[in-house]
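The structure file run.txt is reproduced below (compact mmCIF, C-alpha atoms and all ligand atoms).
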```
# COMPACT_ATOMS: atom_id res chain seq x y z
CA MET A 286 18.66 4.32 27.37
CA ALA A 287 15.56 5.40 25.46
CA LYS A 288 15.08 4.93 21.71
CA VAL A 289 14.44 7.84 19.37
CA ILE A 290 13.42 7.17 15.78
CA GLY A 291 13.62 9.72 12.97
CA PHE A 292 11.85 9.56 9.60
CA CYS A 293 13.29 11.87 6.97
CA GLY A 294 10.80 12.69 4.23
CA SER A 295 13.23 14.76 2.21
CA PRO A 296 14.51 12.69 -0.71
CA ILE A 297 17.61 14.87 -0.94
CA LYS A 298 20.46 12.68 0.26
CA SER A 299 22.62 14.45 2.86
CA GLY A 300 20.44 17.55 2.37
CA ASN A 301 19.80 20.13 5.03
CA VAL A 302 16.72 18.41 6.47
CA GLU A 303 18.63 15.14 6.91
CA LYS A 304 21.66 16.89 8.45
CA ALA A 305 19.49 18.85 10.87
CA MET A 306 17.60 15.72 11.89
CA GLU A 307 20.85 13.89 12.60
CA HIS A 308 21.94 16.74 14.84
CA VAL A 309 18.66 16.77 16.77
CA LEU A 310 18.80 12.98 17.22
CA GLU A 311 22.45 12.97 18.30
CA SER A 312 21.74 15.79 20.78
CA THR A 313 19.14 13.68 22.59
CA GLY A 314 22.00 11.60 24.01
CA HIS A 315 19.84 8.50 23.51
CA GLU A 316 19.99 5.58 21.10
CA TRP A 317 18.72 6.80 17.73
CA GLU A 318 18.07 5.76 14.17
CA LEU A 319 17.23 7.87 11.12
CA ILE A 320 15.24 6.25 8.34
CA ARG A 321 15.21 7.91 4.91
CA LEU A 322 11.69 7.41 3.61
CA SER A 323 12.90 7.65 0.01
CA THR A 324 14.66 4.29 0.50
CA LYS A 325 11.40 2.60 1.52
CA LYS A 326 8.42 1.44 -0.46
CA ILE A 327 5.40 3.35 0.86
CA SER A 328 2.25 3.41 -1.27
CA PRO A 329 -0.68 5.72 -0.61
CA CYS A 330 -3.47 4.51 1.70
CA ILE A 331 -6.25 2.80 -0.30
CA GLY A 332 -8.92 3.59 2.29
CA CYS A 333 -9.97 -0.05 2.87
CA VAL A 334 -9.96 0.52 6.66
CA ARG A 335 -8.98 -3.09 7.31
CA CYS A 336 -6.38 -1.66 9.67
CA ALA A 337 -9.25 -1.29 12.14
CA ASP A 338 -9.06 -5.06 12.82
CA ASN A 339 -5.47 -5.28 14.02
CA ASN A 340 -3.78 -1.86 13.86
CA ARG A 341 -1.68 -3.01 10.92
CA CYS A 342 -1.92 -2.34 7.19
CA VAL A 343 -2.94 -4.92 4.58
CA LEU A 344 -0.69 -3.36 1.91
CA LYS A 345 2.43 -5.39 1.23
CA ASP A 346 5.07 -2.69 1.35
CA ASP A 347 7.51 -1.39 3.99
CA MET A 348 5.01 0.50 6.12
CA ASN A 349 4.20 -2.19 8.70
CA GLU A 350 7.92 -2.44 9.46
CA LEU A 351 7.98 1.35 10.03
CA LEU A 352 4.89 1.16 12.25
CA GLU A 353 6.77 -1.36 14.44
CA LYS A 354 9.68 1.08 14.67
CA ILE A 355 7.31 3.75 15.96
CA LEU A 356 5.77 1.42 18.52
CA GLU A 357 9.21 0.37 19.79
CA ALA A 358 10.46 3.97 20.05
CA ASP A 359 10.02 6.31 23.00
CA ALA A 360 10.17 9.42 20.81
CA VAL A 361 9.66 10.16 17.12
CA LEU A 362 11.22 12.88 14.97
CA LEU A 363 9.61 13.69 11.62
CA GLY A 364 11.27 15.77 8.92
CA GLY A 365 10.16 17.04 5.55
CA PHE A 366 10.04 20.04 3.26
CA PRO A 367 7.31 21.77 1.29
CA THR A 368 6.33 21.35 -2.31
CA PHE A 369 3.70 23.82 -3.51
CA GLY A 370 3.83 25.31 -0.02
CA ARG A 371 2.71 22.21 1.89
CA VAL A 372 4.48 19.15 3.25
CA ASN A 373 5.91 17.05 0.41
CA ALA A 374 4.12 13.98 -0.94
CA LEU A 375 6.59 11.40 0.38
CA THR A 376 6.25 12.71 3.93
CA LYS A 377 2.48 13.08 3.57
CA THR A 378 2.11 9.53 2.24
CA PHE A 379 4.01 8.24 5.26
CA ILE A 380 1.81 10.33 7.58
CA GLU A 381 -1.35 9.03 5.91
CA ARG A 382 -0.17 5.46 6.51
CA LEU A 383 0.05 6.10 10.27
CA PHE A 384 -3.73 5.65 10.27
CA PRO A 385 -3.55 1.99 11.51
CA LEU A 386 -2.17 3.19 14.84
CA ILE A 387 -5.36 5.06 15.69
CA HIS A 388 -8.20 2.49 15.86
CA ASN A 389 -9.44 1.45 19.28
CA HIS A 390 -6.12 2.02 21.08
CA MET A 391 -4.49 5.23 19.78
CA LEU A 392 -1.11 3.48 19.96
CA THR A 393 0.79 6.78 19.61
CA LYS A 394 -0.91 8.34 22.63
CA GLY A 395 1.58 10.04 24.95
CA LYS A 396 4.59 9.27 22.75
CA ILE A 397 6.97 12.19 22.38
CA ALA A 398 7.16 13.79 18.93
CA ALA A 399 9.16 16.59 17.33
CA SER A 400 9.70 17.87 13.82
CA VAL A 401 12.21 19.41 11.45
CA SER A 402 10.77 21.47 8.61
CA GLY A 403 12.98 22.44 5.72
CA GLY A 404 12.13 24.66 2.79
CA PHE A 405 12.98 27.81 0.94
CA PHE A 406 9.93 29.91 1.95
CA ASP A 407 7.36 27.72 3.63
CA GLN A 408 8.92 26.06 6.67
CA GLU A 409 6.12 27.43 8.84
CA THR A 410 3.35 25.63 6.93
CA VAL A 411 5.27 22.35 7.13
CA LYS A 412 5.66 22.87 10.86
CA GLU A 413 1.87 23.35 11.12
CA ASP A 414 1.30 20.18 9.07
CA PHE A 415 3.45 18.20 11.51
CA SER A 416 1.87 19.79 14.59
CA ALA A 417 -1.60 18.87 13.31
CA VAL A 418 -0.52 15.24 12.95
CA PHE A 419 0.95 15.13 16.46
CA ARG A 420 -2.26 16.61 17.87
CA GLU A 421 -4.41 14.09 16.04
CA LEU A 422 -2.24 11.17 17.21
CA LEU A 423 -2.32 12.51 20.80
CA MET A 424 1.47 12.71 20.85
CA ARG A 425 3.38 15.06 23.15
CA ASP A 426 4.85 17.73 20.89
CA ALA A 427 8.40 18.60 21.99
CA GLY A 428 8.71 21.34 19.38
CA SER A 429 10.01 21.93 15.92
CA LEU A 430 13.02 23.24 14.11
CA ALA A 431 12.89 25.28 10.90
CA VAL A 432 15.83 24.88 8.51
CA ASP A 433 16.60 26.85 5.38
CA GLY A 434 17.10 25.01 2.10
CA ASN A 435 18.45 25.38 -1.38
CA ALA A 436 15.74 26.02 -3.95
CA CYS A 437 15.76 23.81 -7.03
CA CYS A 438 16.35 27.01 -9.03
CA TYR A 439 19.89 27.21 -7.61
CA LYS A 440 20.87 24.15 -9.55
CA CYS A 441 18.42 23.78 -12.48
CA GLY A 442 20.61 25.87 -14.80
CA TYR A 443 18.05 28.65 -15.41
CA GLY A 444 17.78 30.17 -11.93
CA GLU A 445 19.31 33.54 -12.90
CA THR A 446 16.99 34.13 -15.85
CA CYS A 447 13.74 32.18 -15.41
CA ASP A 448 10.74 34.45 -14.76
CA TYR A 449 9.52 32.02 -12.12
CA SER A 450 12.86 31.55 -10.34
CA ALA A 451 12.78 31.22 -6.55
CA PHE A 452 16.41 32.42 -6.61
CA ILE A 453 15.34 35.73 -8.23
CA ALA A 454 12.38 35.97 -5.85
CA ARG A 455 14.84 35.97 -2.95
CA TYR A 456 17.86 37.82 -4.35
CA GLY A 457 16.39 39.97 -7.13
CA LYS A 458 17.01 40.19 -10.90
CA GLY A 459 20.66 40.39 -11.89
CA ALA A 460 21.92 38.45 -8.86
CA LYS A 461 24.38 35.63 -9.54
CA ILE A 462 24.24 32.08 -8.23
CA THR A 463 27.55 31.62 -6.49
CA LYS A 464 28.80 28.95 -4.12
CA ASP A 465 28.28 31.14 -1.05
CA ILE A 466 24.51 31.48 -1.51
CA PHE A 467 24.02 27.75 -0.91
CA TYR A 468 22.72 27.06 2.57
CA VAL A 469 24.77 24.54 4.55
CA PHE A 470 23.24 23.43 7.86
CA ASP A 471 26.61 22.33 9.22
CA GLU A 472 27.87 25.93 8.91
CA ASP A 473 24.85 27.59 10.53
CA ASN A 474 25.78 27.73 14.19
CA ASP A 475 22.53 29.43 15.27
CA VAL A 476 20.34 26.72 13.80
CA ARG A 477 22.75 24.00 14.97
CA GLU A 478 22.28 25.37 18.48
CA LYS A 479 18.48 25.32 18.07
CA ALA A 480 18.70 21.72 16.82
CA ALA A 481 20.75 20.77 19.88
CA LEU A 482 18.20 22.46 22.14
CA LEU A 483 15.38 20.50 20.51
CA GLY A 484 17.33 17.29 21.07
CA LYS A 485 17.81 18.21 24.72
CA LYS A 486 14.13 19.09 25.05
CA ILE A 487 13.23 15.61 23.79
CA ALA A 488 15.72 14.12 26.26
CA GLY A 489 14.19 16.15 29.10
CA MET A 490 10.72 14.86 28.26
CA LEU A 491 12.04 11.29 28.15
CA GLN A 492 13.09 11.42 31.79
C1 LIG B 501 9.50 20.02 -6.60
C2 LIG B 501 9.87 20.88 -5.42
C3 LIG B 501 9.03 21.91 -5.03
C4 LIG B 501 9.36 22.71 -3.95
N1 LIG B 501 8.49 23.71 -3.55
C5 LIG B 501 8.77 24.44 -2.45
C6 LIG B 501 7.84 25.39 -1.97
O1 LIG B 501 6.73 25.58 -2.49
N2 LIG B 501 8.19 26.13 -0.88
C7 LIG B 501 9.38 25.97 -0.23
O2 LIG B 501 9.62 26.64 0.77
N3 LIG B 501 10.26 25.04 -0.64
C8 LIG B 501 10.00 24.27 -1.74
N4 LIG B 501 10.88 23.29 -2.14
C9 LIG B 501 11.96 22.90 -1.23
C10 LIG B 501 13.26 23.64 -1.37
O3 LIG B 501 13.42 24.23 -2.61
C11 LIG B 501 14.43 22.69 -1.08
O4 LIG B 501 14.46 21.69 -2.05
C12 LIG B 501 14.33 22.04 0.26
O5 LIG B 501 14.30 23.00 1.25
C13 LIG B 501 15.51 21.07 0.49
O6 LIG B 501 16.66 21.79 0.58
P1 LIG B 501 18.10 21.15 0.64
O7 LIG B 501 18.41 20.64 -0.74
O8 LIG B 501 18.96 22.32 1.02
O9 LIG B 501 18.07 20.07 1.66
C14 LIG B 501 10.57 22.50 -3.24
C15 LIG B 501 11.41 21.45 -3.65
C16 LIG B 501 11.08 20.66 -4.70
C17 LIG B 501 12.02 19.52 -5.10
```

I need this file expressed as structure tokens, please.
Amino acid sequence: MAKVIGFCGSPIKSGNVEKAMEHVLESTGHEWELIRLSTKKISPCIGCVRCADNNRCVLKDDMNELLEKILEADAVLLGGFPTFGRVNALTKTFIERLFPLIHNHMLTKGKIAASVSGGFFDQETVKEDFSAVFRELLMRDAGSLAVDGNACCYKCGYGETCDYSAFIARYGKGAKITKDIFYVFDEDNDVREKAALLGKKIAGMLQ
């Protein structure tokens, strides 16, 4: 059995990105693990480039442990959502810290990769951010899944009145925030099916 490792860059516990990633991973039919990056200590890269010596990072946080997980895995699934229209900082910091894997050996070369991009408007830009990383790391891109999400304005308390509300941007002035507007991945059979297909695509490439 192959090993598939997922890294969820959404800090929202049991949010739609995490749920969708679990479904993709389960659908591979292989051994899998999902790591929530928000539970790990990952500092930004300091640009010392000492990782060129041994393909590991000098920073004393959790990232070397995560690099080992990638090296042990046969396929990698990344997930995140946008802030200000681009992949969120937690996910980006993790991506930045993949730099040690490049020097001299390109340790990710040929490894299968796929992505789950959440968001309220900008899933497509997050997907592009992930694809660019996979290209740079010479990974084999199995594809990506876009998942809807619940804007912060649904739950901040001002979403129906704030002039800058993403809720109003989608539903118009005068609309009410009710329980049924909340997106729930587990109830979206179309996207669940797409998630399952992505999992199967990864499995197919693992053969
Ligand atoms: C600070 C912040 C900024 C965000 N900015 C954007 C954005 O610019 N575009 C977008 O599509 N989603 C944005 N989102 C993401 C969504 O609003 C939502 O949080 C995300 O899809 C996770 O959804 P979930 O809670 O349903 O899992 C932002 C979220 C946060 C917390």

**Message:** At a cut-off of 8 Å around ligand LIG 501 (chain B), and using all atoms listed in the file, what residues come up? Please write them as a PyMOL selection string.
**Reply:** chain A and resi 295+297-303+366-371+373+403-408+432-438+467-469

**Item:** Closest of A:Thr410, A:Ser323, A:Asn340, A:Asn474 to Leu352 in chain A - atom-to-atom distances counting only C-alpha atoms
**Value:**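 The answer is A:Asn340, which sits nearest to Leu352 in chain A.
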
**Message:** I'd like the interatomic distance between CA of Ala398 in chain A and CA of Arg341 in chain A, to a tenth of an Å.
**Reply:** 20.6 Å

**Item:** Separation of CA of Leu392 in chain A from CA of Ile290 in chain A, in Å and rounded to one decimal
**Value:**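 Interatomic distance, CA of Leu392 in chain A to CA of Ile290 in chain A: 15.6 Å.
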
**Message:** My list of candidates is A:Glu353, A:Gly294, A:His308, A:Glu413. Which is closest to Thr378 in chain A when distances are computed with all atoms listed in the file?
**Reply:** A:Gly294

**Request:** Have a look at CA of Gly291 in chain A and CA of Glu472 in chain A and let me know their distance in Å, one decimal.
**Result:**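 For CA of Gly291 in chain A relative to CA of Glu472 in chain A, the distance reads 22.0 Å.
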
Return the padded bounding box of range 410-421 of chain A as AutoDock Vina command-line options: axis-aligned, built from all atoms listed in the file, 4 Å added on each side, with centre and edge lengths in Å to one decimal.
```
--center_x 0.6 --center_y 19.9 --center_z 12.4 --size_x 18.1 --size_y 19.5 --size_z 18.9
```

Sort by chain and increasing residue number a table of all residues of range 342-423 of chain A within 7 Å of range 328-335 of chain A, each with its closest pair of atoms and their distance in Å to one decimal, counting only C-alpha atoms, and write it as a tab-separated table.
```
residue	atom	partner	partner_atom	distance
A:Val343	CA	A:Arg335	CA	6.9
A:Thr378	CA	A:Pro329	CA	5.5
A:Glu381	CA	A:Cys330	CA	6.5
A:Arg382	CA	A:Cys330	CA	5.9
```

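Of the residues under consideration (A:Met286, A:Asn389, A:Gly444, A:Ala305), A:Ala305 shows the shortest atom-to-atom contact distance to Glu478 in chain A when counting all atoms listed in the file.
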
Could you add whatever atoms are missing so that range 301-324 of chain A carries N, CA and C atoms, then write the result as a PDB file, keeping the file's coordinate frame?
```
ATOM      1  N   ASN A 301      19.822  19.383   3.768  1.00  0.00           N
ATOM      2  CA  ASN A 301      19.800  20.130   5.030  1.00  0.00           C
ATOM      3  C   ASN A 301      18.792  19.552   6.041  1.00  0.00           C
ATOM      4  N   VAL A 302      17.691  19.011   5.545  1.00  0.00           N
ATOM      5  CA  VAL A 302      16.720  18.410   6.470  1.00  0.00           C
ATOM      6  C   VAL A 302      17.358  17.196   7.168  1.00  0.00           C
ATOM      7  N   GLU A 303      17.995  16.356   6.357  1.00  0.00           N
ATOM      8  CA  GLU A 303      18.630  15.140   6.910  1.00  0.00           C
ATOM      9  C   GLU A 303      19.726  15.502   7.915  1.00  0.00           C
ATOM     10  N   LYS A 304      20.555  16.475   7.560  1.00  0.00           N
ATOM     11  CA  LYS A 304      21.660  16.890   8.450  1.00  0.00           C
ATOM     12  C   LYS A 304      21.108  17.432   9.764  1.00  0.00           C
ATOM     13  N   ALA A 305      20.066  18.262   9.658  1.00  0.00           N
ATOM     14  CA  ALA A 305      19.490  18.850  10.870  1.00  0.00           C
ATOM     15  C   ALA A 305      18.872  17.768  11.749  1.00  0.00           C
ATOM     16  N   MET A 306      18.211  16.809  11.112  1.00  0.00           N
ATOM     17  CA  MET A 306      17.600  15.720  11.890  1.00  0.00           C
ATOM     18  C   MET A 306      18.658  14.918  12.627  1.00  0.00           C
ATOM     19  N   GLU A 307      19.768  14.642  11.945  1.00  0.00           N
ATOM     20  CA  GLU A 307      20.850  13.890  12.600  1.00  0.00           C
ATOM     21  C   GLU A 307      21.356  14.632  13.840  1.00  0.00           C
ATOM     22  N   HIS A 308      21.444  15.953  13.709  1.00  0.00           N
ATOM     23  CA  HIS A 308      21.940  16.740  14.840  1.00  0.00           C
ATOM     24  C   HIS A 308      20.968  16.722  16.015  1.00  0.00           C
ATOM     25  N   VAL A 309      19.683  16.840  15.705  1.00  0.00           N
ATOM     26  CA  VAL A 309      18.660  16.770  16.770  1.00  0.00           C
ATOM     27  C   VAL A 309      18.758  15.404  17.461  1.00  0.00           C
ATOM     28  N   LEU A 310      18.794  14.346  16.654  1.00  0.00           N
ATOM     29  CA  LEU A 310      18.800  12.980  17.220  1.00  0.00           C
ATOM     30  C   LEU A 310      20.037  12.748  18.076  1.00  0.00           C
ATOM     31  N   GLU A 311      21.192  13.154  17.558  1.00  0.00           N
ATOM     32  CA  GLU A 311      22.450  12.970  18.300  1.00  0.00           C
ATOM     33  C   GLU A 311      22.402  13.753  19.626  1.00  0.00           C
ATOM     34  N   SER A 312      21.782  14.931  19.590  1.00  0.00           N
ATOM     35  CA  SER A 312      21.740  15.790  20.780  1.00  0.00           C
ATOM     36  C   SER A 312      20.804  15.264  21.868  1.00  0.00           C
ATOM     37  N   THR A 313      19.992  14.256  21.539  1.00  0.00           N
ATOM     38  CA  THR A 313      19.140  13.680  22.590  1.00  0.00           C
ATOM     39  C   THR A 313      19.989  12.891  23.585  1.00  0.00           C
ATOM     40  N   GLY A 314      21.152  12.418  23.138  1.00  0.00           N
ATOM     41  CA  GLY A 314      22.000  11.600  24.010  1.00  0.00           C
ATOM     42  C   GLY A 314      21.470  10.177  24.165  1.00  0.00           C
ATOM     43  N   HIS A 315      20.427   9.848  23.418  1.00  0.00           N
ATOM     44  CA  HIS A 315      19.840   8.500  23.510  1.00  0.00           C
ATOM     45  C   HIS A 315      20.176   7.703  22.248  1.00  0.00           C
ATOM     46  N   GLU A 316      19.804   6.431  22.282  1.00  0.00           N
ATOM     47  CA  GLU A 316      19.990   5.580  21.100  1.00  0.00           C
ATOM     48  C   GLU A 316      19.064   6.109  20.000  1.00  0.00           C
ATOM     49  N   TRP A 317      19.581   6.274  18.796  1.00  0.00           N
ATOM     50  CA  TRP A 317      18.720   6.800  17.730  1.00  0.00           C
ATOM     51  C   TRP A 317      18.966   6.127  16.396  1.00  0.00           C
ATOM     52  N   GLU A 318      17.969   6.267  15.535  1.00  0.00           N
ATOM     53  CA  GLU A 318      18.070   5.760  14.170  1.00  0.00           C
ATOM     54  C   GLU A 318      17.350   6.744  13.263  1.00  0.00           C
ATOM     55  N   LEU A 319      17.897   6.992  12.091  1.00  0.00           N
ATOM     56  CA  LEU A 319      17.230   7.870  11.120  1.00  0.00           C
ATOM     57  C   LEU A 319      16.924   7.064   9.865  1.00  0.00           C
ATOM     58  N   ILE A 320      15.660   6.992   9.532  1.00  0.00           N
ATOM     59  CA  ILE A 320      15.240   6.250   8.340  1.00  0.00           C
ATOM     60  C   ILE A 320      14.899   7.244   7.234  1.00  0.00           C
ATOM     61  N   ARG A 321      15.520   7.058   6.060  1.00  0.00           N
ATOM     62  CA  ARG A 321      15.210   7.910   4.910  1.00  0.00           C
ATOM     63  C   ARG A 321      14.030   7.281   4.178  1.00  0.00           C
ATOM     64  N   LEU A 322      12.906   7.985   4.185  1.00  0.00           N
ATOM     65  CA  LEU A 322      11.690   7.410   3.610  1.00  0.00           C
ATOM     66  C   LEU A 322      11.830   7.127   2.121  1.00  0.00           C
ATOM     67  N   SER A 323      12.726   7.861   1.459  1.00  0.00           N
ATOM     68  CA  SER A 323      12.900   7.650   0.010  1.00  0.00           C
ATOM     69  C   SER A 323      13.544   6.292  -0.290  1.00  0.00           C
ATOM     70  N   THR A 324      14.071   5.622   0.722  1.00  0.00           N
ATOM     71  CA  THR A 324      14.660   4.290   0.500  1.00  0.00           C
ATOM     72  C   THR A 324      13.631   3.191   0.771  1.00  0.00           C
TER      73      THR A 324
END
```
